[in-house]
$ cat input37.pdb   # PDB, C-alpha atoms, pLDDT in the B column
ATOM      1  CA  MET D   1      89.726 -29.576 -10.747  1.00 75.00           C
ATOM      2  CA  SER D   2      87.588 -26.488 -11.220  1.00 84.00           C
ATOM      3  CA  ILE D   3      83.867 -26.864 -11.905  1.00 81.00           C
ATOM      4  CA  VAL D   4      82.865 -25.382 -15.264  1.00 82.00           C
ATOM      5  CA  PHE D   5      79.245 -26.551 -15.356  1.00 82.00           C
ATOM      6  CA  GLU D   6      76.792 -27.890 -12.794  1.00 87.00           C
ATOM      7  CA  LYS D   7      73.069 -28.157 -12.102  1.00 92.00           C
ATOM      8  CA  PRO D   8      71.632 -24.847 -10.885  1.00 95.00           C
ATOM      9  CA  LYS D   9      70.732 -24.874  -7.197  1.00 96.00           C
ATOM     10  CA  ALA D  10      67.296 -23.443  -8.065  1.00 96.00           C
ATOM     11  CA  LEU D  11      66.463 -26.669  -9.933  1.00 96.00           C
ATOM     12  CA  SER D  12      65.242 -29.668  -7.957  1.00 96.00           C
ATOM     13  CA  GLU D  13      66.619 -33.203  -8.298  1.00 95.00           C
ATOM     14  CA  ASN D  14      63.446 -34.387 -10.047  1.00 95.00           C
ATOM     15  CA  ILE D  15      63.731 -35.708 -13.587  1.00 93.00           C
ATOM     16  CA  PHE D  16      61.866 -33.713 -16.227  1.00 93.00           C
ATOM     17  CA  HIS D  17      58.754 -35.361 -17.649  1.00 92.00           C
ATOM     18  CA  TYR D  18      58.998 -33.521 -20.959  1.00 93.00           C
ATOM     19  CA  CYS D  19      59.157 -35.350 -24.291  1.00 93.00           C
ATOM     20  CA  PRO D  20      62.536 -35.967 -25.963  1.00 94.00           C
ATOM     21  CA  GLY D  21      63.529 -32.893 -27.943  1.00 94.00           C
ATOM     22  CA  CYS D  22      61.191 -30.557 -26.050  1.00 94.00           C
ATOM     23  CA  THR D  23      62.952 -27.337 -25.076  1.00 95.00           C
ATOM     24  CA  HIS D  24      61.114 -26.759 -21.780  1.00 95.00           C
ATOM     25  CA  GLY D  25      64.060 -28.313 -19.958  1.00 95.00           C
ATOM     26  CA  ILE D  26      66.524 -25.826 -21.437  1.00 96.00           C
ATOM     27  CA  ILE D  27      64.268 -22.902 -20.532  1.00 97.00           C
ATOM     28  CA  HIS D  28      63.838 -24.215 -16.984  1.00 97.00           C
ATOM     29  CA  ARG D  29      67.607 -24.376 -16.594  1.00 97.00           C
ATOM     30  CA  LEU D  30      68.070 -20.812 -17.828  1.00 98.00           C
ATOM     31  CA  ILE D  31      65.500 -19.515 -15.336  1.00 98.00           C
ATOM     32  CA  ALA D  32      67.137 -21.473 -12.526  1.00 98.00           C
ATOM     33  CA  GLU D  33      70.588 -20.147 -13.438  1.00 98.00           C
ATOM     34  CA  VAL D  34      69.246 -16.594 -13.306  1.00 98.00           C
ATOM     35  CA  LEU D  35      67.613 -17.189  -9.915  1.00 98.00           C
ATOM     36  CA  ASP D  36      70.965 -18.463  -8.637  1.00 98.00           C
ATOM     37  CA  GLU D  37      72.987 -15.606 -10.105  1.00 97.00           C
ATOM     38  CA  LEU D  38      70.651 -12.918  -8.777  1.00 98.00           C
ATOM     39  CA  ASP D  39      70.377 -14.773  -5.439  1.00 97.00           C
ATOM     40  CA  ILE D  40      66.590 -14.409  -5.406  1.00 98.00           C
ATOM     41  CA  THR D  41      65.369 -18.019  -5.209  1.00 97.00           C
ATOM     42  CA  GLY D  42      64.299 -17.667  -1.580  1.00 96.00           C
ATOM     43  CA  LYS D  43      61.946 -14.783  -2.333  1.00 97.00           C
ATOM     44  CA  THR D  44      60.717 -15.885  -5.762  1.00 98.00           C
ATOM     45  CA  VAL D  45      57.206 -17.160  -6.496  1.00 98.00           C
ATOM     46  CA  GLY D  46      56.517 -18.871  -9.813  1.00 98.00           C
ATOM     47  CA  VAL D  47      53.045 -19.252 -11.301  1.00 97.00           C
ATOM     48  CA  ALA D  48      52.358 -22.031 -13.805  1.00 93.00           C
ATOM     49  CA  PRO D  49      48.855 -22.637 -15.201  1.00 90.00           C
ATOM     50  CA  VAL D  50      47.465 -25.522 -17.245  1.00 88.00           C
ATOM     51  CA  GLY D  51      49.620 -26.996 -20.014  1.00 84.00           C
ATOM     52  CA  CYS D  52      52.871 -28.928 -20.351  1.00 86.00           C
ATOM     53  CA  SER D  53      54.376 -26.621 -17.730  1.00 83.00           C
ATOM     54  CA  VAL D  54      51.727 -27.417 -15.133  1.00 86.00           C
ATOM     55  CA  LEU D  55      54.209 -29.612 -13.235  1.00 88.00           C
ATOM     56  CA  ALA D  56      56.844 -26.869 -13.040  1.00 90.00           C
ATOM     57  CA  TYR D  57      56.358 -26.891  -9.275  1.00 91.00           C
ATOM     58  CA  ASN D  58      58.256 -30.193  -9.279  1.00 94.00           C
ATOM     59  CA  TYR D  59      61.340 -28.632 -10.832  1.00 96.00           C
ATOM     60  CA  PHE D  60      61.995 -25.269  -9.189  1.00 97.00           C
ATOM     61  CA  GLU D  61      63.209 -24.803  -5.627  1.00 96.00           C
ATOM     62  CA  CYS D  62      61.294 -21.539  -5.246  1.00 97.00           C
ATOM     63  CA  ASP D  63      57.655 -21.341  -4.147  1.00 97.00           C
ATOM     64  CA  MET D  64      55.234 -22.242  -6.935  1.00 97.00           C
ATOM     65  CA  ILE D  65      51.514 -21.691  -7.469  1.00 96.00           C
ATOM     66  CA  GLN D  66      49.314 -23.466  -9.994  1.00 94.00           C
ATOM     67  CA  ALA D  67      46.810 -21.136 -11.650  1.00 95.00           C
ATOM     68  CA  ALA D  68      43.694 -21.892 -13.645  1.00 94.00           C
ATOM     69  CA  HIS D  69      44.142 -22.027 -17.405  1.00 92.00           C
ATOM     70  CA  GLY D  70      45.272 -18.635 -18.672  1.00 93.00           C
ATOM     71  CA  ARG D  71      45.032 -16.877 -15.321  1.00 96.00           C
ATOM     72  CA  ALA D  72      48.708 -16.838 -14.367  1.00 96.00           C
ATOM     73  CA  PRO D  73      49.206 -13.064 -14.901  1.00 97.00           C
ATOM     74  CA  ALA D  74      46.162 -12.346 -12.728  1.00 97.00           C
ATOM     75  CA  VAL D  75      47.452 -14.635  -9.962  1.00 98.00           C
ATOM     76  CA  ALA D  76      50.940 -13.151 -10.295  1.00 98.00           C
ATOM     77  CA  THR D  77      49.465  -9.653 -10.034  1.00 98.00           C
ATOM     78  CA  GLY D  78      47.729 -10.564  -6.784  1.00 98.00           C
ATOM     79  CA  VAL D  79      50.853 -12.114  -5.288  1.00 98.00           C
ATOM     80  CA  LYS D  80      53.049  -9.179  -6.284  1.00 98.00           C
ATOM     81  CA  ARG D  81      50.654  -6.545  -4.959  1.00 98.00           C
ATOM     82  CA  VAL D  82      50.202  -8.303  -1.622  1.00 98.00           C
ATOM     83  CA  ASN D  83      53.921  -9.103  -1.309  1.00 97.00           C
ATOM     84  CA  PRO D  84      55.754  -6.457  -3.373  1.00 97.00           C
ATOM     85  CA  ASP D  85      59.148  -7.617  -2.089  1.00 97.00           C
ATOM     86  CA  ASN D  86      58.680 -11.032  -3.725  1.00 98.00           C
ATOM     87  CA  ILE D  87      59.957 -11.709  -7.223  1.00 98.00           C
ATOM     88  CA  VAL D  88      57.035 -13.155  -9.193  1.00 98.00           C
ATOM     89  CA  PHE D  89      57.159 -14.839 -12.582  1.00 98.00           C
ATOM     90  CA  THR D  90      54.725 -16.730 -14.766  1.00 98.00           C
ATOM     91  CA  TYR D  91      55.658 -19.641 -17.021  1.00 97.00           C
ATOM     92  CA  GLN D  92      53.114 -20.085 -19.812  1.00 95.00           C
ATOM     93  CA  GLY D  93      52.572 -21.775 -23.155  1.00 93.00           C
ATOM     94  CA  ASP D  94      51.082 -20.183 -26.240  1.00 92.00           C
ATOM     95  CA  GLY D  95      47.691 -21.866 -25.971  1.00 88.00           C
ATOM     96  CA  ASP D  96      47.486 -20.612 -22.398  1.00 92.00           C
ATOM     97  CA  LEU D  97      48.874 -17.095 -22.712  1.00 94.00           C
ATOM     98  CA  ALA D  98      47.680 -16.145 -26.194  1.00 93.00           C
ATOM     99  CA  ALA D  99      44.235 -17.809 -26.136  1.00 93.00           C
ATOM    100  CA  ILE D 100      42.265 -18.251 -22.930  1.00 92.00           C
ATOM    101  CA  GLY D 101      44.672 -15.930 -21.075  1.00 93.00           C
ATOM    102  CA  THR D 102      44.821 -13.104 -23.618  1.00 95.00           C
ATOM    103  CA  ALA D 103      42.871 -10.647 -21.472  1.00 96.00           C
ATOM    104  CA  GLU D 104      44.939 -11.311 -18.352  1.00 96.00           C
ATOM    105  CA  THR D 105      48.165 -10.926 -20.314  1.00 97.00           C
ATOM    106  CA  VAL D 106      47.201  -7.740 -22.126  1.00 98.00           C
ATOM    107  CA  HIS D 107      45.800  -5.969 -19.087  1.00 98.00           C
ATOM    108  CA  SER D 108      48.686  -6.976 -16.818  1.00 98.00           C
ATOM    109  CA  ALA D 109      51.033  -5.444 -19.376  1.00 98.00           C
ATOM    110  CA  SER D 110      48.828  -2.392 -19.831  1.00 98.00           C
ATOM    111  CA  ARG D 111      48.826  -1.745 -16.092  1.00 98.00           C
ATOM    112  CA  GLY D 112      52.593  -2.139 -16.007  1.00 98.00           C
ATOM    113  CA  GLU D 113      52.478  -4.829 -13.335  1.00 98.00           C
ATOM    114  CA  ASN D 114      55.999  -5.419 -12.004  1.00 98.00           C
ATOM    115  CA  ILE D 115      56.118  -9.115 -12.907  1.00 98.00           C
ATOM    116  CA  THR D 116      58.140 -11.284 -15.270  1.00 98.00           C
ATOM    117  CA  VAL D 117      56.450 -13.447 -17.909  1.00 98.00           C
ATOM    118  CA  ILE D 118      58.200 -16.370 -19.614  1.00 98.00           C
ATOM    119  CA  PHE D 119      56.163 -17.257 -22.698  1.00 97.00           C
ATOM    120  CA  VAL D 120      56.901 -20.568 -24.458  1.00 96.00           C
ATOM    121  CA  ASN D 121      55.692 -20.486 -28.070  1.00 96.00           C
ATOM    122  CA  ASN D 122      55.702 -23.814 -29.931  1.00 95.00           C
ATOM    123  CA  ALA D 123      52.802 -22.946 -32.266  1.00 94.00           C
ATOM    124  CA  ILE D 124      50.510 -25.671 -30.960  1.00 93.00           C
ATOM    125  CA  TYR D 125      48.557 -26.899 -27.930  1.00 89.00           C
ATOM    126  CA  GLY D 126      51.022 -29.380 -26.470  1.00 82.00           C
ATOM    127  CA  MET D 127      49.543 -31.156 -23.458  1.00 80.00           C
ATOM    128  CA  THR D 128      46.003 -31.524 -24.797  1.00 80.00           C
ATOM    129  CA  GLY D 129      46.881 -33.347 -27.993  1.00 81.00           C
ATOM    130  CA  GLY D 130      48.163 -30.938 -30.610  1.00 83.00           C
ATOM    131  CA  GLN D 131      45.247 -28.673 -31.491  1.00 90.00           C
ATOM    132  CA  MET D 132      45.644 -25.413 -33.411  1.00 90.00           C
ATOM    133  CA  ALA D 133      46.773 -22.524 -31.200  1.00 93.00           C
ATOM    134  CA  PRO D 134      46.636 -18.748 -31.717  1.00 94.00           C
ATOM    135  CA  THR D 135      50.296 -18.984 -32.734  1.00 96.00           C
ATOM    136  CA  THR D 136      49.867 -21.859 -35.241  1.00 95.00           C
ATOM    137  CA  LEU D 137      51.385 -20.834 -38.567  1.00 96.00           C
ATOM    138  CA  PRO D 138      49.348 -20.345 -41.766  1.00 96.00           C
ATOM    139  CA  GLY D 139      49.017 -23.728 -43.454  1.00 95.00           C
ATOM    140  CA  GLN D 140      50.350 -25.622 -40.429  1.00 94.00           C
ATOM    141  CA  ILE D 141      48.716 -29.008 -39.887  1.00 93.00           C
ATOM    142  CA  THR D 142      47.396 -29.770 -36.404  1.00 91.00           C
ATOM    143  CA  GLN D 143      44.764 -32.083 -34.916  1.00 91.00           C
ATOM    144  CA  THR D 144      42.091 -29.415 -35.475  1.00 89.00           C
ATOM    145  CA  SER D 145      43.488 -28.109 -38.769  1.00 92.00           C
ATOM    146  CA  PRO D 146      44.201 -31.349 -40.676  1.00 94.00           C
ATOM    147  CA  TYR D 147      44.370 -29.460 -43.981  1.00 95.00           C
ATOM    148  CA  GLY D 148      46.500 -26.667 -42.537  1.00 93.00           C
ATOM    149  CA  ARG D 149      45.517 -23.444 -40.814  1.00 95.00           C
ATOM    150  CA  ASP D 150      43.178 -21.521 -43.095  1.00 95.00           C
ATOM    151  CA  ILE D 151      43.636 -17.817 -42.378  1.00 95.00           C
ATOM    152  CA  LYS D 152      40.295 -17.020 -44.007  1.00 95.00           C
ATOM    153  CA  GLN D 153      38.529 -19.019 -41.308  1.00 94.00           C
ATOM    154  CA  ALA D 154      40.936 -19.040 -38.355  1.00 94.00           C
ATOM    155  CA  GLY D 155      42.626 -15.695 -38.871  1.00 95.00           C
ATOM    156  CA  TYR D 156      46.306 -14.919 -38.629  1.00 96.00           C
ATOM    157  CA  PRO D 157      48.721 -16.059 -35.897  1.00 96.00           C
ATOM    158  CA  ILE D 158      49.216 -13.606 -33.041  1.00 96.00           C
ATOM    159  CA  ARG D 159      52.653 -12.053 -32.628  1.00 98.00           C
ATOM    160  CA  VAL D 160      52.584 -11.484 -28.885  1.00 98.00           C
ATOM    161  CA  CYS D 161      55.773  -9.459 -28.417  1.00 98.00           C
ATOM    162  CA  GLU D 162      54.848  -7.047 -31.188  1.00 98.00           C
ATOM    163  CA  MET D 163      51.359  -6.623 -29.724  1.00 98.00           C
ATOM    164  CA  LEU D 164      52.486  -6.053 -26.131  1.00 98.00           C
ATOM    165  CA  ALA D 165      55.259  -3.694 -27.239  1.00 98.00           C
ATOM    166  CA  THR D 166      52.581  -1.183 -28.258  1.00 98.00           C
ATOM    167  CA  LEU D 167      51.336  -0.882 -24.661  1.00 98.00           C
ATOM    168  CA  ASP D 168      52.701   1.922 -22.490  1.00 97.00           C
ATOM    169  CA  GLY D 169      52.873  -0.355 -19.435  1.00 97.00           C
ATOM    170  CA  THR D 170      55.232  -2.851 -21.048  1.00 98.00           C
ATOM    171  CA  ALA D 171      58.803  -2.219 -19.929  1.00 98.00           C
ATOM    172  CA  TYR D 172      60.519  -4.979 -21.859  1.00 98.00           C
ATOM    173  CA  ALA D 173      59.566  -7.470 -24.585  1.00 98.00           C
ATOM    174  CA  GLU D 174      62.039  -9.740 -26.334  1.00 98.00           C
ATOM    175  CA  ARG D 175      61.687 -12.854 -28.475  1.00 98.00           C
ATOM    176  CA  VAL D 176      64.411 -15.493 -28.255  1.00 98.00           C
ATOM    177  CA  SER D 177      65.034 -19.117 -29.198  1.00 98.00           C
ATOM    178  CA  VAL D 178      66.961 -22.004 -27.678  1.00 98.00           C
ATOM    179  CA  ASP D 179      67.713 -23.973 -30.848  1.00 97.00           C
ATOM    180  CA  ASN D 180      71.487 -23.553 -30.723  1.00 97.00           C
ATOM    181  CA  VAL D 181      74.245 -22.466 -28.339  1.00 97.00           C
ATOM    182  CA  LYS D 182      74.365 -18.873 -29.578  1.00 97.00           C
ATOM    183  CA  ASN D 183      70.620 -18.438 -29.169  1.00 98.00           C
ATOM    184  CA  ILE D 184      70.612 -20.150 -25.773  1.00 98.00           C
ATOM    185  CA  ARG D 185      73.155 -17.623 -24.532  1.00 97.00           C
ATOM    186  CA  ALA D 186      71.043 -14.761 -25.899  1.00 98.00           C
ATOM    187  CA  ALA D 187      67.959 -16.274 -24.257  1.00 98.00           C
ATOM    188  CA  LYS D 188      69.761 -16.459 -20.905  1.00 98.00           C
ATOM    189  CA  LYS D 189      70.670 -12.788 -21.206  1.00 98.00           C
ATOM    190  CA  ALA D 190      67.042 -11.887 -21.954  1.00 98.00           C
ATOM    191  CA  VAL D 191      65.683 -13.902 -19.036  1.00 98.00           C
ATOM    192  CA  LYS D 192      68.178 -12.285 -16.692  1.00 98.00           C
ATOM    193  CA  LYS D 193      67.225  -8.828 -17.904  1.00 98.00           C
ATOM    194  CA  ALA D 194      63.528  -9.581 -17.399  1.00 98.00           C
ATOM    195  CA  PHE D 195      64.121 -10.633 -13.795  1.00 98.00           C
ATOM    196  CA  THR D 196      66.527  -7.753 -13.158  1.00 98.00           C
ATOM    197  CA  ASN D 197      63.887  -5.324 -14.411  1.00 98.00           C
ATOM    198  CA  GLN D 198      61.535  -6.620 -11.747  1.00 98.00           C
ATOM    199  CA  VAL D 199      64.175  -6.374  -9.020  1.00 98.00           C
ATOM    200  CA  GLU D 200      64.679  -2.751 -10.077  1.00 97.00           C
ATOM    201  CA  GLY D 201      60.931  -2.073 -10.205  1.00 97.00           C
ATOM    202  CA  LYS D 202      60.794  -1.256 -13.914  1.00 97.00           C
ATOM    203  CA  GLY D 203      57.453  -2.984 -14.610  1.00 97.00           C
ATOM    204  CA  PHE D 204      56.065  -5.668 -16.903  1.00 98.00           C
ATOM    205  CA  SER D 205      58.661  -7.759 -18.754  1.00 98.00           C
ATOM    206  CA  ILE D 206      58.031 -10.636 -21.147  1.00 98.00           C
ATOM    207  CA  VAL D 207      60.450 -13.043 -22.793  1.00 98.00           C
ATOM    208  CA  GLU D 208      58.938 -15.108 -25.599  1.00 98.00           C
ATOM    209  CA  VAL D 209      60.859 -18.306 -26.338  1.00 98.00           C
ATOM    210  CA  ILE D 210      60.334 -19.949 -29.729  1.00 98.00           C
ATOM    211  CA  SER D 211      60.277 -23.661 -28.948  1.00 96.00           C
ATOM    212  CA  THR D 212      59.735 -27.125 -30.359  1.00 96.00           C
ATOM    213  CA  CYS D 213      57.025 -29.732 -29.856  1.00 95.00           C
ATOM    214  CA  PRO D 214      58.380 -32.884 -31.565  1.00 95.00           C
ATOM    215  CA  THR D 215      55.534 -35.133 -30.376  1.00 94.00           C
ATOM    216  CA  ASN D 216      52.675 -33.034 -31.718  1.00 93.00           C
ATOM    217  CA  TRP D 217      54.574 -31.856 -34.774  1.00 94.00           C
ATOM    218  CA  GLY D 218      55.175 -35.515 -35.619  1.00 93.00           C
ATOM    219  CA  LEU D 219      58.913 -34.961 -36.053  1.00 95.00           C
ATOM    220  CA  SER D 220      62.139 -36.175 -34.480  1.00 96.00           C
ATOM    221  CA  PRO D 221      64.008 -33.808 -32.151  1.00 95.00           C
ATOM    222  CA  GLU D 222      66.517 -32.945 -34.891  1.00 96.00           C
ATOM    223  CA  GLU D 223      63.771 -32.473 -37.492  1.00 97.00           C
ATOM    224  CA  SER D 224      61.886 -30.256 -35.058  1.00 97.00           C
ATOM    225  CA  LEU D 225      64.815 -27.887 -34.676  1.00 97.00           C
ATOM    226  CA  ASN D 226      65.149 -27.639 -38.450  1.00 97.00           C
ATOM    227  CA  TRP D 227      61.395 -27.043 -38.820  1.00 97.00           C
ATOM    228  CA  LEU D 228      61.565 -24.305 -36.193  1.00 97.00           C
ATOM    229  CA  ARG D 229      64.389 -22.552 -38.031  1.00 97.00           C
ATOM    230  CA  GLU D 230      62.805 -22.874 -41.456  1.00 97.00           C
ATOM    231  CA  ASN D 231      59.221 -22.021 -40.511  1.00 97.00           C
ATOM    232  CA  MET D 232      58.832 -20.372 -37.114  1.00 97.00           C
ATOM    233  CA  LEU D 233      61.754 -17.973 -37.038  1.00 98.00           C
ATOM    234  CA  PRO D 234      60.825 -16.261 -40.336  1.00 97.00           C
ATOM    235  CA  TYR D 235      57.300 -15.633 -38.985  1.00 97.00           C
ATOM    236  CA  TYR D 236      58.417 -14.819 -35.445  1.00 98.00           C
ATOM    237  CA  PRO D 237      61.671 -12.842 -35.843  1.00 98.00           C
ATOM    238  CA  LEU D 238      63.979 -12.830 -32.849  1.00 98.00           C
ATOM    239  CA  GLY D 239      64.899  -9.567 -31.183  1.00 98.00           C
ATOM    240  CA  VAL D 240      64.039  -6.860 -28.674  1.00 98.00           C
ATOM    241  CA  TYR D 241      60.642  -5.334 -29.371  1.00 98.00           C
ATOM    242  CA  LYS D 242      60.611  -2.933 -26.457  1.00 98.00           C
ATOM    243  CA  ASP D 243      63.093  -1.890 -23.810  1.00 97.00           C
ATOM    244  CA  LYS D 244      62.075   1.185 -21.844  1.00 91.00           C
ATOM    245  CA  GLY D 245      65.455   1.319 -20.154  1.00 76.00           C
ATOM    246  CA  SER D 246      67.287   1.613 -23.463  1.00 73.00           C
ATOM    247  CA  GLU D 247      64.741   4.105 -24.763  1.00 65.00           C
ATOM    248  CA  SER D 248      65.224   6.298 -21.680  1.00 53.00           C
ATOM    249  CA  GLU D 249      68.997   6.045 -21.943  1.00 48.00           C
ATOM    250  CA  ALA D 250      68.830   6.960 -25.639  1.00 50.00           C
ATOM    251  CA  GLN D 251      66.610   9.966 -24.909  1.00 47.00           C
ATOM    252  CA  ASN D 252      68.815  11.119 -22.032  1.00 44.00           C
ATOM    253  CA  GLY D 253      71.940  10.635 -24.126  1.00 47.00           C
TER     254      GLY D 253
END

$ encode --input "input37.pdb" --output "structure tokens"
Amino acid sequence: MSIVFEKPKALSENIFHYCPGCTHGIIHRLIAEVLDELDITGKTVGVAPVGCSVLAYNYFECDMIQAAHGRAPAVATGVKRVNPDNIVFTYQGDGDLAAIGTAETVHSASRGENITVIFVNNAIYGMTGGQMAPTTLPGQITQTSPYGRDIKQAGYPIRVCEMLATLDGTAYAERVSVDNVKNIRAAKKAVKKAFTNQVEGKGFSIVEVISTCPTNWGLSPEESLNWLRENMLPYYPLGVYKDKGSESEAQNG
């Protein structure tokens, strides 16, 4: 009997600690599949800072480093510059990347650091109890916005891919989701492209994954997926926001 599906070799045997309905597990699997397919696990270094992903070192068979909150792009930059032959990726949540780590993210992209960033956006601080994040939607209720996010006081949510796409150093920026099979396949393709870009030395690549947080949203896993589709995807449209390779090919063609 032929094998049609199996656990990626780049994933460990450890059981995920994530809440039921959380999409971190799906994203982990996609990254691991890409590491297997590109045969780069042995030279890959992952960097995970504070947040729900802090225990990612338990799940990947590549080397992992834990960074301080928000500092993953800075740590990844150091690793990549000292060991340019390594493949280096960060795995970050929205509270981490778009709040305390904004400067590190923006300047790593601006410098065109040859790293890969996986950005998990669930519109809330997950691990610390469900506070409002930079990506929290207008009117969204959280622990620190019990009456809904007031844009007059808290400002508007940050659209990270659109922002980073304006920087000359960004080689690739795409927003994806993992809420259904079609989108999971598209997300896998984006993750693979982001890692391939690094292998080919094309520079800074980011894949933003729109994700769920059933526990802090106060919804069931099924309700969370519906809420994501009805509320998050209209505000954070899926798609490629920058692809220098395609732009170059279009110009040359």

$ closest_residue --input "input37.pdb" --among "D:Thr44, D:Asn180, D:Thr166, D:Ser2" --to "Val106 in chain D" --atoms "all atoms listed in the file"
D:Thr166

$ closest_residue --input "input37.pdb" --among "D:Cys52, D:Ala76, D:Leu225, D:Val191" --to "His24 in chain D" --atoms "only C-alpha atoms"
D:Cys52

$ resolve_selection --input "input37.pdb" --expression "the PyMOL selection byres ((chain D and resi 19) around 10)" --output "PyMOL selection string"
chain D and resi 16-18+20-25+52+213-215+221

$ atom_distance --input "input37.pdb" --atom1 "CA of Asp96 in chain D" --atom2 "CA of Gly169 in chain D"
21.2 Å

$ atom_distance --input "input37.pdb" --atom1 "CA of Asn58 in chain D" --atom2 "CA of Ile40 in chain D"
18.3 Å

$ residues_around --input "input37.pdb" --residues "Ala165 in chain D" --least-positions-apart "2" --cutoff "12 Å" --atoms "all atoms listed in the file" --output "VMD selection string"
chain D and resid 106 109 to 110 112 159 to 163 167 to 175 204 to 207 239 to 244

$ closest_residue --input "input37.pdb" --among "D:Gln140, D:Asn114, D:Asn231, D:Thr212" --to "Asp85 in chain D" --atoms "all atoms listed in the file"
D:Asn114

$ atom_distance --input "input37.pdb" --atom1 "CA of Pro84 in chain D" --atom2 "CA of Thr116 in chain D"
13.1 Å

$ closest_residue --input "input37.pdb" --among "D:Leu35, D:Ile210, D:Ile26, D:Ala68" --to "Thr196 in chain D" --atoms "all atoms listed in the file"
D:Leu35

$ resolve_selection --input "input37.pdb" --expression "the PyMOL selection byres ((chain D and resi 63) around 9)" --output "number ranges by chain"
D: 41-47, 57, 60-62, 64-65

$ closest_residue --input "input37.pdb" --among "D:Glu113, D:Asp179, D:Glu200, D:Glu230" --to "Phe89 in chain D" --atoms "all atoms listed in the file"
D:Glu113

$ decode --input "input37.pdb" --residues "range 120-138 of chain D" --atoms "N, CA and C atoms" --output "short mmCIF file (atom, residue, chain, number, x, y, z; two decimals), in the first residue's frame"
data_model
loop_
_atom_site.label_atom_id
_atom_site.label_comp_id
_atom_site.auth_asym_id
_atom_site.auth_seq_id
_atom_site.Cartn_x
_atom_site.Cartn_y
_atom_site.Cartn_z
N VAL D 120 1.96 34.91 12.56
CA VAL D 120 0.65 34.36 12.88
C VAL D 120 -0.24 35.46 13.46
N ASN D 121 -1.27 35.83 12.72
CA ASN D 121 -2.14 36.94 13.10
C ASN D 121 -3.52 36.42 13.51
N ASN D 122 -3.79 36.42 14.83
CA ASN D 122 -5.12 36.03 15.31
C ASN D 122 -5.83 37.19 16.01
N ALA D 123 -5.33 38.41 15.80
CA ALA D 123 -6.01 39.63 16.24
C ALA D 123 -6.13 39.78 17.76
N ILE D 124 -5.24 39.11 18.49
CA ILE D 124 -5.35 39.18 19.94
C ILE D 124 -4.04 38.68 20.57
N TYR D 125 -3.77 39.09 21.80
CA TYR D 125 -2.67 38.49 22.56
C TYR D 125 -3.16 37.15 23.09
N GLY D 126 -2.58 36.07 22.63
CA GLY D 126 -3.07 34.75 22.99
C GLY D 126 -2.60 34.26 24.35
N MET D 127 -1.29 34.09 24.51
CA MET D 127 -0.75 33.43 25.70
C MET D 127 -1.00 34.22 26.97
N THR D 128 -1.04 35.53 26.89
CA THR D 128 -1.10 36.36 28.10
C THR D 128 -2.52 36.69 28.54
N GLY D 129 -3.53 36.12 27.91
CA GLY D 129 -4.87 36.26 28.44
C GLY D 129 -5.89 36.96 27.57
N GLY D 130 -5.52 37.33 26.35
CA GLY D 130 -6.53 37.87 25.44
C GLY D 130 -6.66 39.38 25.43
N GLN D 131 -5.54 40.08 25.61
CA GLN D 131 -5.59 41.54 25.55
C GLN D 131 -5.66 42.01 24.09
N MET D 132 -6.01 43.29 23.91
CA MET D 132 -6.05 43.90 22.59
C MET D 132 -4.65 43.96 22.00
N ALA D 133 -4.53 43.60 20.73
CA ALA D 133 -3.26 43.61 20.02
C ALA D 133 -3.29 44.70 18.95
N PRO D 134 -2.15 44.99 18.32
CA PRO D 134 -2.15 45.96 17.23
C PRO D 134 -3.02 45.55 16.05
N THR D 135 -3.33 44.25 15.97
CA THR D 135 -4.13 43.73 14.87
C THR D 135 -5.61 43.54 15.24
N THR D 136 -5.97 43.81 16.49
CA THR D 136 -7.36 43.67 16.93
C THR D 136 -8.26 44.55 16.07
N LEU D 137 -9.38 44.00 15.64
CA LEU D 137 -10.27 44.70 14.71
C LEU D 137 -11.04 45.83 15.41
N PRO D 138 -11.45 46.84 14.65
CA PRO D 138 -12.31 47.90 15.24
C PRO D 138 -13.58 47.28 15.83
#
